[in-house]
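A.B. asks: Dropping a structure here in structure tokens format, bear with me for questions.
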Amino acid sequence: MTAESMVKLLQMTGAALAIPAAAAGTFAAYQSYFSTEVTCQKLRNNIIAIMERNVTPETKRSLLKKDVTEFDKLCGEGDPDARAIFQAALTEPPGDAAHAPATAASAHADVSPQRPHAASLGVFGAPGSKEHYGWVALSRRQSGSWVPHFNGYAISDTSLPPPGTILSAKMMLPVWSEPQAGTNDPAKLQSRLPTGACVRVLSTHGGSGRLWAEVAPASCS
């Protein structure tokens with residue numbers, strides 16, 4: 001066998017051996033990614049279910065602590081809006097225990113603009129609410145692509161919904177007094193928008209990590 005033939009044989013053998021390794025590495029990466037996504041979705045669902053339970057604030061905090069801590073560690077960087085609501089749920093002051101437990105329908109009461117807390121955080125657009133507008137993240141950038149937070153418009157950094165567009169929330173979202181850049185400012189957290197609730201776009205604002213819209217409550221019909 002000539003030297004040239006030997007080199008070609010070695011190259012072919014190396015390529016043949018490298019293919020399974022590359023395939024295994026790709027599969028492991030995808031498996032890890034989807035495992036994390038499934039875990040984060042399960043944590044989101046568990047936390048929201050606890051937030052809406054009709055129990056005392058102390059009991060609610062106790063039930064939330066483990067899942068919120070795990071969500072913050074595993075999913076918080078990729079989903080800062082959910083993190084903002086979930087962290088607020090753990091910081092409700094003990095004095096609020098005297099108030100009736102909040103549910104998705106009654107969470108409007110006892111809102112403090114300086115110290116917002118999820119159990120007493122108002123539902124955006126709830127009857128009697130004094131908030132007529134606020135800012136929500138239309139989508140967030142994750143793994144190089146945009147994850148939409150709303151149905152009703154194909155949102156991207158080059159295509160933001162025009163004023164008057166009606167959108168419905170795909171997930172529970174925080175409503176802010178102004179768009180957030182980088183780390184969230186808890187003092188700017190106004191209320192929360194429930195899953196399935198509708199809003200009307202007033203204006204939009206781009207961003208590197210999240211795309212924003214100033215919105216007002218709207219009917220879904």
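Residues in the structure tokens are named by chain (A, B, ... in the order shown) and by number from 1 within that chain; ligands are numbered from 1 in the order shown.
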Enumerate, in order of chain and increasing residue number, the residues of range 150-196 of chain A with an atom no farther than 10 Å from range 142-146 of chain A, each with its shortest atom pair and distance in Å to one decimal, counting only C-alpha atoms, as CSV.

C.D. replies:
```
residue,atom,partner,partner_atom,distance
A:Ile155,CA,A:Trp146,CA,8.3
A:Ser156,CA,A:Trp146,CA,6.8
A:Asp157,CA,A:Trp146,CA,8.3
```

A.B. asks: Can you list, as a list in words, every protein, DNA or RNA residue that comes within 8 Å of Leu64 in chain A when you count only C-alpha atoms, leaving out same-chain residues fewer than 2 positions away?

C.D. replies: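 Returned residues: Ile47, Ile50, Met51, Lys60, Arg61, Ser62, Lys66, Asp67, Val68, Ala89 and Leu90 of chain A.
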
A.B. asks: Dump N, CA, C and O atoms for the selected residues as a short mmCIF file (atom, residue, chain, number, x, y, z; two decimals), in the first residue's frame?

C.D. replies:
```cif
data_model
loop_
_atom_site.label_atom_id
_atom_site.label_comp_id
_atom_site.auth_asym_id
_atom_site.auth_seq_id
_atom_site.Cartn_x
_atom_site.Cartn_y
_atom_site.Cartn_z
N ILE A 47 -45.77 26.57 40.12
CA ILE A 47 -45.71 27.83 40.86
C ILE A 47 -47.00 28.63 40.68
O ILE A 47 -47.57 29.15 41.65
N ILE A 50 -49.83 27.16 42.69
CA ILE A 50 -49.72 27.49 44.12
C ILE A 50 -50.12 28.94 44.36
O ILE A 50 -50.81 29.25 45.33
N MET A 51 -49.69 29.84 43.47
CA MET A 51 -50.03 31.26 43.62
C MET A 51 -51.54 31.48 43.65
O MET A 51 -52.03 32.40 44.31
N LYS A 60 -48.56 29.86 51.59
CA LYS A 60 -48.24 30.02 50.17
C LYS A 60 -46.74 30.18 49.97
O LYS A 60 -46.14 29.55 49.09
N ARG A 61 -46.11 31.00 50.81
CA ARG A 61 -44.67 31.19 50.70
C ARG A 61 -43.91 29.89 50.94
O ARG A 61 -42.94 29.57 50.27
N SER A 62 -44.37 29.15 51.95
CA SER A 62 -43.73 27.88 52.26
C SER A 62 -43.82 26.90 51.09
O SER A 62 -42.85 26.22 50.76
N LYS A 66 -39.40 26.22 47.46
CA LYS A 66 -38.55 25.24 46.78
C LYS A 66 -38.62 25.40 45.27
O LYS A 66 -37.58 25.46 44.58
N ASP A 67 -39.84 25.49 44.72
CA ASP A 67 -40.00 25.58 43.27
C ASP A 67 -39.47 26.90 42.72
O ASP A 67 -38.87 26.94 41.64
N VAL A 68 -39.71 27.99 43.44
CA VAL A 68 -39.24 29.30 42.98
C VAL A 68 -37.71 29.34 43.00
O VAL A 68 -37.07 29.86 42.08
N ALA A 89 -43.60 36.81 44.80
CA ALA A 89 -44.47 35.96 45.61
C ALA A 89 -43.81 35.54 46.92
O ALA A 89 -44.50 35.23 47.89
N LEU A 90 -42.49 35.52 46.93
CA LEU A 90 -41.77 35.10 48.13
C LEU A 90 -41.47 36.25 49.08
O LEU A 90 -41.01 36.03 50.20
#
```

A.B. asks: With distances taken over only C-alpha atoms, which residue among A:Leu167, A:Val147, A:Ala137, A:Cys40 lies nearest Gly206 in chain A?

C.D. replies: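 Once distances to Gly206 in chain A are computed over only C-alpha atoms, the minimum belongs to A:Ala137.
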
A.B. asks: At a cut-off of 6 Å, using only C-alpha atoms, what residues contact range 169-184 of chain A? Leave out same-chain residues fewer than 3 positions from it and give the result as a list in words.

C.D. replies: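 My reading of the contact set: Gly134, Trp135, Val136, His149, Phe150, Lys188, Leu189, Gln190, Ser191, Arg192, Leu193, Pro194, Thr195, Gly196 and Ala197 of chain A.
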
A.B. asks: Given the selection you just returned, output its residues as a file containing all heavy atoms, formatted as a CSV table (one decimal), in the first residue's frame.

C.D. replies:
```csv
chain,number,residue,atom,x,y,z
A,134,GLY,N,-49.8,50.0,30.9
A,134,GLY,CA,-48.6,49.5,31.4
A,134,GLY,C,-47.7,48.9,30.3
A,134,GLY,O,-48.2,48.8,29.2
A,135,TRP,N,-46.5,48.5,30.7
A,135,TRP,CA,-45.6,47.9,29.7
A,135,TRP,C,-45.5,46.4,29.9
A,135,TRP,O,-45.3,46.0,31.0
A,135,TRP,CB,-44.2,48.6,29.8
A,135,TRP,CG,-44.2,50.0,29.2
A,135,TRP,CD1,-44.5,51.1,29.9
A,135,TRP,CD2,-43.9,50.4,27.9
A,135,TRP,NE1,-44.4,52.2,29.1
A,135,TRP,CE2,-44.0,51.8,27.8
A,135,TRP,CE3,-43.6,49.7,26.7
A,135,TRP,CZ2,-43.8,52.5,26.6
A,135,TRP,CZ3,-43.3,50.4,25.5
A,135,TRP,CH2,-43.4,51.8,25.5
A,136,VAL,N,-45.5,45.6,28.8
A,136,VAL,CA,-45.3,44.2,28.9
A,136,VAL,C,-44.3,43.8,27.9
A,136,VAL,O,-44.1,44.4,26.8
A,136,VAL,CB,-46.6,43.4,28.6
A,136,VAL,CG1,-47.6,43.7,29.7
A,136,VAL,CG2,-47.2,43.8,27.3
A,149,HIS,N,-44.6,36.0,23.7
A,149,HIS,CA,-45.5,35.9,24.9
A,149,HIS,C,-46.9,36.1,24.6
A,149,HIS,O,-47.8,35.9,25.5
A,149,HIS,CB,-45.0,37.0,25.8
A,149,HIS,CG,-43.7,36.9,26.4
A,149,HIS,ND1,-43.0,37.9,27.1
A,149,HIS,CD2,-42.8,35.8,26.4
A,149,HIS,CE1,-41.8,37.4,27.5
A,149,HIS,NE2,-41.7,36.2,27.0
A,150,PHE,N,-47.3,36.4,23.3
A,150,PHE,CA,-48.7,36.7,22.9
A,150,PHE,C,-49.1,36.0,21.7
A,150,PHE,O,-48.2,35.7,20.8
A,150,PHE,CB,-48.9,38.2,22.7
A,150,PHE,CG,-48.8,39.0,24.0
A,150,PHE,CD1,-47.6,39.5,24.5
A,150,PHE,CD2,-50.0,39.3,24.7
A,150,PHE,CE1,-47.5,40.2,25.7
A,150,PHE,CE2,-49.9,40.0,25.9
A,150,PHE,CZ,-48.7,40.5,26.4
A,188,LYS,N,-40.6,48.9,39.8
A,188,LYS,CA,-41.4,49.3,38.6
A,188,LYS,C,-42.5,48.3,38.2
A,188,LYS,O,-43.2,48.4,37.3
A,188,LYS,CB,-40.5,49.4,37.4
A,188,LYS,CG,-39.3,50.4,37.6
A,188,LYS,CD,-39.8,51.8,37.8
A,188,LYS,CE,-38.6,52.7,37.9
A,188,LYS,NZ,-39.0,54.1,38.2
A,189,LEU,N,-42.6,47.2,39.0
A,189,LEU,CA,-43.6,46.2,38.8
A,189,LEU,C,-45.0,46.7,39.3
A,189,LEU,O,-45.2,47.0,40.4
A,189,LEU,CB,-43.2,44.9,39.5
A,189,LEU,CG,-44.1,43.7,39.4
A,189,LEU,CD1,-44.3,43.3,37.9
A,189,LEU,CD2,-43.6,42.5,40.2
A,190,GLN,N,-45.9,46.8,38.3
A,190,GLN,CA,-47.3,47.3,38.6
A,190,GLN,C,-48.3,46.2,39.0
A,190,GLN,O,-49.0,46.3,40.0
A,190,GLN,CB,-47.8,48.1,37.5
A,190,GLN,CG,-47.1,49.4,37.2
A,190,GLN,CD,-47.7,50.2,36.1
A,190,GLN,OE1,-47.4,51.3,35.8
A,190,GLN,NE2,-48.7,49.6,35.4
A,191,SER,N,-48.4,45.2,38.1
A,191,SER,CA,-49.4,44.2,38.2
A,191,SER,C,-49.1,43.0,37.4
A,191,SER,O,-48.0,42.9,36.9
A,191,SER,CB,-50.8,44.8,37.8
A,191,SER,OG,-50.7,45.3,36.5
A,192,ARG,N,-50.0,42.1,37.3
A,192,ARG,CA,-49.7,40.9,36.5
A,192,ARG,C,-50.9,40.7,35.5
A,192,ARG,O,-52.0,41.0,35.8
A,192,ARG,CB,-49.5,39.7,37.3
A,192,ARG,CG,-50.6,39.4,38.3
A,192,ARG,CD,-50.3,38.1,39.0
A,192,ARG,NE,-51.2,37.9,40.2
A,192,ARG,CZ,-51.6,36.7,40.6
A,192,ARG,NH1,-51.3,35.7,39.9
A,192,ARG,NH2,-52.4,36.7,41.6
A,193,LEU,N,-50.5,40.2,34.3
A,193,LEU,CA,-51.5,39.9,33.3
A,193,LEU,C,-51.7,38.4,33.2
A,193,LEU,O,-50.7,37.6,33.0
A,193,LEU,CB,-50.9,40.4,31.9
A,193,LEU,CG,-51.9,40.3,30.7
A,193,LEU,CD1,-53.0,41.2,30.8
A,193,LEU,CD2,-51.1,40.5,29.4
A,194,PRO,N,-52.9,37.9,33.5
A,194,PRO,CA,-53.1,36.5,33.5
A,194,PRO,C,-53.0,35.8,32.1
A,194,PRO,O,-53.2,36.5,31.1
A,194,PRO,CB,-54.6,36.4,34.1
A,194,PRO,CG,-54.9,37.7,34.7
A,194,PRO,CD,-54.1,38.7,33.9
A,195,THR,N,-52.8,34.5,32.1
A,195,THR,CA,-52.8,33.8,30.9
A,195,THR,C,-54.2,33.9,30.2
A,195,THR,O,-55.2,33.8,30.8
A,195,THR,CB,-52.5,32.3,31.1
A,195,THR,OG1,-51.3,32.2,31.8
A,195,THR,CG2,-52.5,31.5,29.9
A,196,GLY,N,-54.2,34.2,28.9
A,196,GLY,CA,-55.4,34.3,28.1
A,196,GLY,C,-56.0,35.7,28.1
A,196,GLY,O,-56.9,36.0,27.3
A,197,ALA,N,-55.5,36.6,29.0
A,197,ALA,CA,-56.1,38.0,29.0
A,197,ALA,C,-55.6,38.7,27.8
A,197,ALA,O,-54.6,38.5,27.2
A,197,ALA,CB,-55.6,38.7,30.3
```

A.B. asks: CA of Pro80 in chain A to CA of Ser208 in chain A: how many Å, to one decimal?

C.D. replies: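 Computing it gives 13.4 Å between the two atoms.
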
A.B. asks: Report, in Å with one decimal, the straight-line distance from CA of Cys220 in chain A to CA of Ser168 in chain A.

C.D. replies: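 About the pair CA of Cys220 in chain A and CA of Ser168 in chain A: they are 7.3 Å apart.
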
A.B. asks: Can you work out the spacing between CA of Ala187 in chain A and CA of Arg53 in chain A in Å, to one decimal?

C.D. replies: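 Going from CA of Ala187 in chain A over to CA of Arg53 in chain A covers 25.2 Å.
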
A.B. asks: For Gln87 in chain A, which of A:Arg140, A:Lys73, A:Ala213, A:Asn45 is the closest residue, counting only C-alpha atoms?

C.D. replies: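 Among the listed residues, A:Lys73 lies closest to Gln87 in chain A.
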
A.B. asks: Enumerate, as JSON, numbers by chain, the complete set of residues in range 33-88 of chain A that a backbone-based DSSP assignment places in alpha helix (DSSP H).

C.D. replies: {"A": [33, 34, 35, 36, 37, 38, 39, 40, 41, 42, 43, 44, 45, 46, 47, 48, 49, 50, 51, 57, 58, 59, 60, 61, 62, 63, 64, 65, 66, 67, 68, 69, 70, 71, 72, 73, 74, 80, 81, 82, 83, 84, 85, 86, 87, 88]}

A.B. asks: Could you write those residues out with C-alpha atoms, as a short mmCIF file (atom, residue, chain, number, x, y, z; two decimals), in the first residue's frame?

C.D. replies:
```
data_model
loop_
_atom_site.label_atom_id
_atom_site.label_comp_id
_atom_site.auth_asym_id
_atom_site.auth_seq_id
_atom_site.Cartn_x
_atom_site.Cartn_y
_atom_site.Cartn_z
CA TYR A 33 -32.06 21.53 26.01
CA PHE A 34 -35.46 19.89 25.83
CA SER A 35 -35.10 18.42 29.33
CA THR A 36 -34.48 21.92 30.69
CA GLU A 37 -37.46 23.32 28.77
CA VAL A 38 -39.74 20.58 30.10
CA THR A 39 -38.49 21.13 33.65
CA CYS A 40 -38.96 24.91 33.41
CA GLN A 41 -42.49 24.51 32.06
CA LYS A 42 -43.37 22.12 34.88
CA LEU A 43 -41.96 24.54 37.46
CA ARG A 44 -43.93 27.43 35.92
CA ASN A 45 -47.16 25.47 36.06
CA ASN A 46 -46.56 24.33 39.65
CA ILE A 47 -45.71 27.83 40.86
CA ILE A 48 -48.73 29.46 39.18
CA ALA A 49 -51.03 26.78 40.60
CA ILE A 50 -49.72 27.49 44.12
CA MET A 51 -50.03 31.26 43.62
CA PRO A 57 -49.66 34.00 52.70
CA GLU A 58 -47.39 32.08 55.10
CA THR A 59 -48.53 28.73 53.72
CA LYS A 60 -48.24 30.02 50.17
CA ARG A 61 -44.67 31.19 50.70
CA SER A 62 -43.73 27.88 52.26
CA LEU A 63 -45.16 25.95 49.30
CA LEU A 64 -43.53 28.27 46.77
CA LYS A 65 -40.03 28.46 48.19
CA LYS A 66 -38.55 25.24 46.78
CA ASP A 67 -40.00 25.58 43.27
CA VAL A 68 -39.24 29.30 42.98
CA THR A 69 -35.65 28.73 44.13
CA GLU A 70 -35.24 25.95 41.56
CA PHE A 71 -36.85 28.06 38.81
CA ASP A 72 -34.58 31.00 39.61
CA LYS A 73 -31.47 28.79 39.39
CA LEU A 74 -32.43 26.81 36.30
CA PRO A 80 -36.83 37.17 33.57
CA ASP A 81 -40.53 38.09 33.48
CA ALA A 82 -41.67 34.88 35.16
CA ARG A 83 -38.80 35.28 37.61
CA ALA A 84 -40.04 38.77 38.55
CA ILE A 85 -43.54 37.51 39.44
CA PHE A 86 -42.31 34.40 41.23
CA GLN A 87 -39.71 36.24 43.31
CA ALA A 88 -42.32 38.80 44.33
#
```
